[in-house]
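Q: Dumping the structure here so I can ask a few things about it.
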There are 2 protein chains.
Amino acid sequence: MARVYNFSAGPSVLPEWVLQKAASEMMEYGSSGQSVMEMSHRSSDYQAIIDSCRQSLVDTLHIPEDYEVLFLQGGASTQFAMIPLNLMNGSGRADFVLTGQWAKKAYQQAAKYGRCNVVASSEDGVFSYIPQIDAQKLDPQADYLHICYNNTIYGTRFPTLPSCGSVPLVADMSSSILSEPIDVSKFGLIYAGAQKNMGPAGLTVVIIRKDLIGHARDITPIMLDYKTHADAGSMYNTPPTYAIYICKLVLDWLNNEMGGIEQIQKINAQKAALLYDYLDESKLFSATVQGECRSLMNVPFVTGDKDLDAQFVKEATAQGLVNLKGHRTVGGMRASIYNAMPVKGVQALVDFMARFEAAHR
Amino acid sequence: MARVYNFSAGPSVLPEWVLQKAASEMMEYGSSGQSVMEMSHRSSDYQAIIDSCRQSLVDTLHIPEDYEVLFLQGGASTQFAMIPLNLMNGSGRADFVLTGQWAKKAYQQAAKYGRCNVVASSEDGVFSYIPQIDAQKLDPQADYLHICYNNTIYGTRFPTLPSCGSVPLVADMSSSILSEPIDVSKFGLIYAGAQKNMGPAGLTVVIIRKDLIGHARDITPIMLDYKTHADAGSMYNTPPTYAIYICKLVLDWLNNEMGGIEQIQKINAQKAALLYDYLDESKLFSATVQGECRSLMNVPFVTGDKDLDAQFVKEATAQGLVNLKGHRTVGGMRASIYNAMPVKGVQALVDFMARFEAAHR
C-alpha cells in the first residue's frame, strides 16, 4: 500500500523527509559507526544533536535569553502536576480557563496542590468556542494563569492571548507549537508534547522563564523539579535521545525544506482555509466551530447524522484518508492538519468530501 | 565507516536485526501506510504492537498473572520517587542496600517520603562488592526492601537475592533485565530503564505485583500513580509509542533469532568469561570486581596507570572499539556487554587488549 494521508490528532503524520533521513541514518549516524538510538547521551556526537535541537528551537521561536528550553518526558499530563509543584509557591492560588478536556485535567490536577480558580469556561457549549475572560475575575496574586492555547479535541484556538499583567501565563501548546510564530516573552511557561508538530511521542518540550525555576515545593520529586533539568541541560538522567533527534530533524525540515515558521504559517492558513471554506459552503457537512476561534490545526466537522458520519469515515479510510473519526465527546469527524500534512493531502480530503456530498445530497 | 563495537553503558548497542527491521519499516509499517512513529496510539495497528510487546515480555520472563507490566516514562530516576509515593504507605519505612550511585539515589529520594534504613552498604570499598545483609537489620515492618540488582557503574551483581520474608523486594534491573531468567514471583516490583537491554531511552518498564497497586499517597501526581497506568493498559496518556515498538522488536530478536532467554544467558556467560578469564590472566589489566559478585553485563577494569588507561581507550576507539572509558568514580575502563553485543565484539576487544598488553609490558 502507498502511504496514506494521516489526519490523526497525535501521534500524527511526520514529514517524509524526516522519516527518510531517519531510515537512512538508522544503521549509522554520520561517521559514528552507530545508530543515534545506540549513542551514549554523554558522547560528543549526541551532545551535538541535542545542542542543535535546542538552538534550532531557540532560533525558530525567537526564544529570549531569559528562558530555558527543557527536553522532558511524561507528556502534558506530567506537566499538569509539575507546573503547580514548581509554580504554585507564592499565594498558592492559580487561575484557569476551561476550554476542553485537557485544560480541565490541568485544572483538576493542580487543585491537588493549591486553590484553583476557574476564570472562564466554554463547557456549556461543549467547548466549541473560546470564552471571554472577565478581567475582574483574574486574581492579581495568582501564581499563574493557565490556558490550553489550541484545543485538539474541539478545534478551537485562542484568537488573542489573555491579559494577565505580571501573573505568569502558562500555556499548553501541544497541538499548535511550531505551526505559527509566537511571542514567547508573553508567557511564563509553554509546554508541548512532541507527538503532534515536533516529533515522536515520549518527548515533552518546556520553555520556561528562568526566574520561575528553583522554587519547587518540598514534596516535589527530583525529576519533577524544573531546576533538576535546567541545571543539567536536560541530561540529569538519560533523556529520550532518539525522540530529540527526530525533533531536530523536524526542525531541520521546517527551516531548511519549508522556508521557516513564517512560511509554514502561510501554508497552514492555506490548508485550513481550503477545508473551512468548503465546510462553510457545504450543504452536507458543517464545522463545529465558528469564527475567529477556529484552530488551524484541528478541524472538527459533522453531517448531523451519526450513521452518515460513520459511513464517511469508512469510505474515506478506503481512499487512504485515515484517522478522520472525531473524538467521542464531539462526534462526527476531525481532520488534524499539522505542519507535516501537505496541501495536497487536504485537497484530497476536500475532493473526497465533495464526491461524498454529491452522492448523498 | 563500518559499524563499531559499542561498549556504552547505556544507551547502548542494539541488535542489527532490530535496526534493519526498524529502518525497513520506517516509511510504512505492514500495510498501514504509516510509520509506527506516526500512528495514533488508539489505533488497532498500534494496539497490536503494544499488546505483542507486553505478551512477549510476559512469556520471556514468565511473569505470573498476579503482576502488571507497565510501560512508563521518566527513567529509573522517576521510579526513585514513584516507588515510595506508591509503596511507602504502611509503616512509612523502607530498607535499602547501598551498592552504588543509583542505589544511593533511590535511597536519598525515598528519604523525602518516609524513614529509610540502610541495611547494608559497600560504599567503603567503592561499591566493588555486594555486601552481606545481616538479617537482624531487616525491618519486618518495612514497606519494601530496595536493591539495585546489577550495578552498571561498578560491575557488580547480587549473586543471590536477599531473603526478606513478606516484605516486598523492589529491584532496579535496568542493566540486567532480559540478560538471564529471573523468578519474578520473588519480587514485589521490578523496574528498568529500557536503554540498556530492551530498546531506546525514554521507555521505563515496571513489573509490579497487583496488590501493591492502588495505595498511592494523597500528594502523588496522577502520572506517578501506578494505578493510573495499570487501569489504562499504559495508555492513560500517549505512551512512548516508538520506543515500545523497538522494545517489541528487541524481544522478537531475543526469542526468534537468538533462541530465547536461556540461550542468551549462556551467550552472556560465555562473553563475560572471555573477558574475565583474560583479565584474571593479564599482567597489565585487572578487573575491579572479584568473585561471585561480578556482573555479566558491565565489566570494569584498570591498568593501575591513569595515563595508560587513557591511551588504551584512545587506541581502542581508533580500532572501532568505542565507549570503553570507565565511569569517573571508578576510573579506568568499562566494557558493557549487553545482549546485543556479539561474541565476536568481545573477542575483538580481548584480542586488542592482548596486543596492547604485548606492546606495554
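Chain labels follow the order of the C-alpha cells: the first chain is A, the next B, and so on; residue numbering restarts at 1 in every chain, and ligands are counted from 1 in their shown order.
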Residues of chain B within 8 Å of chain A, using only C-alpha atoms, as a PyMOL selection string?
A: chain B and resi 1-4+6+8-14+16+19-20+22-24+26-28+31-35+37-41+72-75+77-78+81+109+112-113+200-203+219+221-223+237-242+323
Q: Tell me which protein, DNA and RNA residues are within 7 Å of region 178-190 of chain B, counting only C-alpha atoms, leaving out same-chain ones fewer than 2 positions away, and put them as number ranges by chain.
A: B: 61, 63-64, 168-173, 176, 192, 197, 206-209, 261-262, 264-265, 339
Q: If you keep N, CA and C atoms, can you produce a file of those selected residues as a PDB file, in the first residue's frame?
A:
```pdb
ATOM      1  N   LEU B  61       9.850 -13.621  30.433  1.00  0.00           N
ATOM      2  CA  LEU B  61      10.245 -13.611  31.852  1.00  0.00           C
ATOM      3  C   LEU B  61       9.308 -14.461  32.716  1.00  0.00           C
ATOM      4  N   ILE B  63       6.258 -14.026  33.579  1.00  0.00           N
ATOM      5  CA  ILE B  63       5.655 -13.132  34.581  1.00  0.00           C
ATOM      6  C   ILE B  63       4.308 -13.718  35.013  1.00  0.00           C
ATOM      7  N   PRO B  64       4.145 -13.961  36.327  1.00  0.00           N
ATOM      8  CA  PRO B  64       2.885 -14.573  36.791  1.00  0.00           C
ATOM      9  C   PRO B  64       1.680 -13.647  36.573  1.00  0.00           C
ATOM     10  N   PRO B 168       7.991  -6.759  50.537  1.00  0.00           N
ATOM     11  CA  PRO B 168       8.188  -6.784  49.074  1.00  0.00           C
ATOM     12  C   PRO B 168       9.609  -6.367  48.694  1.00  0.00           C
ATOM     13  N   LEU B 169      10.218  -7.183  47.841  1.00  0.00           N
ATOM     14  CA  LEU B 169      11.550  -6.865  47.323  1.00  0.00           C
ATOM     15  C   LEU B 169      11.371  -6.016  46.065  1.00  0.00           C
ATOM     16  N   VAL B 170      12.022  -4.860  46.045  1.00  0.00           N
ATOM     17  CA  VAL B 170      11.939  -3.941  44.907  1.00  0.00           C
ATOM     18  C   VAL B 170      13.324  -3.856  44.283  1.00  0.00           C
ATOM     19  N   ALA B 171      13.395  -4.082  42.980  1.00  0.00           N
ATOM     20  CA  ALA B 171      14.717  -4.127  42.344  1.00  0.00           C
ATOM     21  C   ALA B 171      14.804  -3.271  41.091  1.00  0.00           C
ATOM     22  N   ASP B 172      15.848  -2.459  41.046  1.00  0.00           N
ATOM     23  CA  ASP B 172      16.235  -1.776  39.813  1.00  0.00           C
ATOM     24  C   ASP B 172      17.019  -2.788  38.975  1.00  0.00           C
ATOM     25  N   MET B 173      16.461  -3.157  37.836  1.00  0.00           N
ATOM     26  CA  MET B 173      17.116  -4.146  36.957  1.00  0.00           C
ATOM     27  C   MET B 173      17.465  -3.529  35.611  1.00  0.00           C
ATOM     28  N   SER B 176      20.298  -5.312  33.750  1.00  0.00           N
ATOM     29  CA  SER B 176      20.399  -6.772  33.629  1.00  0.00           C
ATOM     30  C   SER B 176      19.123  -7.423  33.107  1.00  0.00           C
ATOM     31  N   ALA B 192      12.995  -1.033  35.190  1.00  0.00           N
ATOM     32  CA  ALA B 192      14.165  -0.985  34.313  1.00  0.00           C
ATOM     33  C   ALA B 192      13.991   0.097  33.257  1.00  0.00           C
ATOM     34  N   ASN B 197      19.155  -3.024  27.792  1.00  0.00           N
ATOM     35  CA  ASN B 197      18.899  -4.341  27.194  1.00  0.00           C
ATOM     36  C   ASN B 197      17.561  -4.463  26.483  1.00  0.00           C
ATOM     37  N   VAL B 206       7.958  -1.333  34.149  1.00  0.00           N
ATOM     38  CA  VAL B 206       7.712  -1.683  35.550  1.00  0.00           C
ATOM     39  C   VAL B 206       6.891  -2.971  35.588  1.00  0.00           C
ATOM     40  N   ILE B 207       7.350  -3.916  36.381  1.00  0.00           N
ATOM     41  CA  ILE B 207       6.618  -5.171  36.604  1.00  0.00           C
ATOM     42  C   ILE B 207       6.244  -5.163  38.090  1.00  0.00           C
ATOM     43  N   ILE B 208       4.965  -5.087  38.366  1.00  0.00           N
ATOM     44  CA  ILE B 208       4.535  -4.853  39.760  1.00  0.00           C
ATOM     45  C   ILE B 208       3.441  -5.833  40.160  1.00  0.00           C
ATOM     46  N   ARG B 209       3.568  -6.364  41.377  1.00  0.00           N
ATOM     47  CA  ARG B 209       2.541  -7.276  41.901  1.00  0.00           C
ATOM     48  C   ARG B 209       1.265  -6.479  42.107  1.00  0.00           C
ATOM     49  N   ILE B 261      15.609 -16.621  26.246  1.00  0.00           N
ATOM     50  CA  ILE B 261      16.384 -16.046  27.357  1.00  0.00           C
ATOM     51  C   ILE B 261      17.383 -17.042  27.965  1.00  0.00           C
ATOM     52  N   GLU B 262      17.041 -18.338  27.971  1.00  0.00           N
ATOM     53  CA  GLU B 262      18.012 -19.315  28.493  1.00  0.00           C
ATOM     54  C   GLU B 262      19.251 -19.332  27.597  1.00  0.00           C
ATOM     55  N   ILE B 264      20.301 -16.849  25.609  1.00  0.00           N
ATOM     56  CA  ILE B 264      21.063 -15.591  25.699  1.00  0.00           C
ATOM     57  C   ILE B 264      21.878 -15.577  26.992  1.00  0.00           C
ATOM     58  N   GLN B 265      21.356 -16.188  28.036  1.00  0.00           N
ATOM     59  CA  GLN B 265      22.130 -16.267  29.286  1.00  0.00           C
ATOM     60  C   GLN B 265      23.439 -17.022  29.058  1.00  0.00           C
ATOM     61  N   ASN B 339      23.089  -7.866  25.915  1.00  0.00           N
ATOM     62  CA  ASN B 339      22.625  -8.917  24.994  1.00  0.00           C
ATOM     63  C   ASN B 339      23.046  -8.674  23.540  1.00  0.00           C
TER      64      ASN B 339
END
```
Q: Which one is closest to Leu321 (chain A): A:Gly165, A:Gly125, A:Gly345, A:Pro300? Count only C-alpha atoms.
A: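 Using only C-alpha atoms, Leu321 (chain A) sits closest to A:Gly345.
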Q: Which neighbours of Ile337 (chain B) fall inside 8 Å, counting only C-alpha atoms, when residues of the same chain fewer than 5 positions from it are skipped, and could you give them as a list of chain:residue names?
A: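 Listed by chain and then number, they are B:Phe7, B:Asn268, B:Lys271, B:Ala272, B:Leu296, B:Met297, B:Asn298, B:Val299, B:Val346.
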Q: Per DSSP on the backbone, what are the strand (DSSP E or B) residues of region 41-252 of chain A, as a PyMOL selection string?
A: chain A and resi 67-72+93-98+115-121+145-148+150-151+156-157+169-172+189-193+204-209
Q: Quick check for you: according to DSSP on this backbone, which residues of region 41-186 of chain B are classed as alpha helix (DSSP H)? Reply as a VMD selection string.
A: chain B and resid 44 to 61 75 to 87 101 to 110
Q: Can you pull out every residue within 12 Å of Gly90 (chain A), counting only C-alpha atoms, but drop anything in the same chain fewer than 5 positions away, and send it as a ChimeraX atom specification?
A: /A:84-85,114-115,140-144,167-168,212,215-217
Q: Give me a file of those residues, with all heavy atoms, as a compact mmCIF listing (two decimals), in the first residue's frame.
A:
```txt
# COMPACT_ATOMS: atom_id res chain seq x y z
N PRO A 84 2.06 23.12 38.95
CA PRO A 84 1.73 23.60 40.31
C PRO A 84 2.82 23.28 41.33
O PRO A 84 3.09 24.10 42.21
CB PRO A 84 0.42 22.86 40.64
CG PRO A 84 0.30 21.76 39.66
CD PRO A 84 1.02 22.20 38.43
N LEU A 85 3.48 22.13 41.21
CA LEU A 85 4.52 21.78 42.18
C LEU A 85 5.66 22.79 42.15
O LEU A 85 6.32 23.02 43.16
CB LEU A 85 5.06 20.36 41.92
CG LEU A 85 4.15 19.22 42.38
CD1 LEU A 85 4.62 17.88 41.82
CD2 LEU A 85 4.08 19.15 43.92
N GLY A 114 -3.15 23.30 45.32
CA GLY A 114 -3.41 24.68 45.71
C GLY A 114 -4.84 25.08 45.39
O GLY A 114 -5.65 24.23 45.01
N ARG A 115 -5.14 26.35 45.55
CA ARG A 115 -6.50 26.82 45.30
C ARG A 115 -6.62 27.25 43.86
O ARG A 115 -5.95 28.19 43.41
CB ARG A 115 -6.86 27.96 46.25
CG ARG A 115 -7.91 27.51 47.27
CD ARG A 115 -8.22 28.57 48.27
NE ARG A 115 -8.85 29.76 47.71
CZ ARG A 115 -8.80 30.95 48.29
NH1 ARG A 115 -8.17 31.12 49.42
NH2 ARG A 115 -9.40 32.00 47.73
N PRO A 140 -5.04 38.96 40.85
CA PRO A 140 -3.74 39.60 40.61
C PRO A 140 -2.62 38.96 41.43
O PRO A 140 -1.44 39.18 41.13
CB PRO A 140 -3.98 41.07 41.02
CG PRO A 140 -5.18 41.05 41.90
CD PRO A 140 -6.00 39.86 41.52
N GLN A 141 -2.99 38.18 42.43
CA GLN A 141 -1.98 37.49 43.25
C GLN A 141 -1.79 36.03 42.82
O GLN A 141 -1.07 35.28 43.48
CB GLN A 141 -2.38 37.50 44.73
CG GLN A 141 -2.59 38.90 45.31
CD GLN A 141 -1.34 39.74 45.21
OE1 GLN A 141 -0.23 39.26 45.41
NE2 GLN A 141 -1.50 41.01 44.84
N ALA A 142 -2.46 35.62 41.75
CA ALA A 142 -2.35 34.22 41.31
C ALA A 142 -0.89 33.90 40.97
O ALA A 142 -0.16 34.76 40.48
CB ALA A 142 -3.23 33.97 40.09
N ASP A 143 -0.50 32.67 41.24
CA ASP A 143 0.87 32.26 40.90
C ASP A 143 1.01 32.05 39.39
O ASP A 143 2.11 32.14 38.86
CB ASP A 143 1.24 30.99 41.66
CG ASP A 143 1.47 31.27 43.14
OD1 ASP A 143 1.95 32.40 43.45
OD2 ASP A 143 1.16 30.41 43.98
N TYR A 144 -0.08 31.76 38.72
CA TYR A 144 -0.08 31.72 37.26
C TYR A 144 -1.51 31.66 36.71
O TYR A 144 -2.45 31.37 37.47
CB TYR A 144 0.75 30.55 36.71
CG TYR A 144 0.30 29.15 37.11
CD1 TYR A 144 -0.56 28.40 36.30
CD2 TYR A 144 0.75 28.55 38.28
CE1 TYR A 144 -0.96 27.11 36.66
CE2 TYR A 144 0.37 27.26 38.65
CZ TYR A 144 -0.49 26.56 37.84
OH TYR A 144 -0.88 25.28 38.19
N VAL A 167 1.09 38.40 36.26
CA VAL A 167 0.87 36.97 36.55
C VAL A 167 1.40 36.14 35.38
O VAL A 167 1.03 36.40 34.22
CB VAL A 167 -0.64 36.69 36.76
CG1 VAL A 167 -0.92 35.20 36.87
CG2 VAL A 167 -1.15 37.42 38.01
N PRO A 168 2.27 35.17 35.63
CA PRO A 168 2.81 34.38 34.52
C PRO A 168 1.72 33.62 33.77
O PRO A 168 0.88 32.96 34.39
CB PRO A 168 3.78 33.41 35.21
CG PRO A 168 4.10 34.03 36.54
CD PRO A 168 2.86 34.77 36.94
N LEU A 212 11.30 31.57 37.07
CA LEU A 212 10.27 30.67 37.60
C LEU A 212 10.87 29.32 38.03
O LEU A 212 10.16 28.47 38.57
CB LEU A 212 9.17 30.44 36.56
CG LEU A 212 8.39 31.70 36.15
CD1 LEU A 212 7.41 31.40 35.02
CD2 LEU A 212 7.65 32.30 37.36
N HIS A 215 11.93 27.08 42.59
CA HIS A 215 11.06 27.34 43.73
C HIS A 215 10.10 26.17 43.97
O HIS A 215 8.97 26.37 44.42
CB HIS A 215 10.24 28.61 43.48
CG HIS A 215 11.03 29.74 42.94
ND1 HIS A 215 11.95 30.42 43.69
CD2 HIS A 215 11.11 30.29 41.70
CE1 HIS A 215 12.52 31.36 42.95
NE2 HIS A 215 12.04 31.30 41.73
N ALA A 216 10.54 24.97 43.67
CA ALA A 216 9.63 23.81 43.80
C ALA A 216 9.30 23.56 45.27
O ALA A 216 10.12 23.79 46.16
CB ALA A 216 10.27 22.57 43.19
N ARG A 217 8.11 23.04 45.47
CA ARG A 217 7.69 22.64 46.81
C ARG A 217 8.56 21.50 47.34
O ARG A 217 9.06 20.69 46.57
CB ARG A 217 6.27 22.08 46.74
CG ARG A 217 5.26 23.02 46.20
CD ARG A 217 4.50 23.61 47.33
NE ARG A 217 3.32 24.25 46.78
CZ ARG A 217 2.10 23.71 46.82
NH1 ARG A 217 1.90 22.54 47.39
NH2 ARG A 217 1.08 24.35 46.30
```
Q: Work out how far CA of Arg361 (chain B) is from CA of Gly332 (chain B), in Å to one decimal.
A: 17.4 Å
Q: Separation of CA of Cys148 (chain B) and CA of Thr99 (chain B), in Å?
A: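 One can read the CA of Cys148 (chain B) to CA of Thr99 (chain B) distance as 6.9 Å.
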Q: Check the smallest atom-to-atom distance from each of B:Ala120, B:Ala316, B:Met235, B:Ile153 to Val330 (chain B) using only C-alpha atoms, then report the winner.
A: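 Comparing B:Ala120, B:Ala316, B:Met235, B:Ile153 against Val330 (chain B), the winner is B:Ile153.
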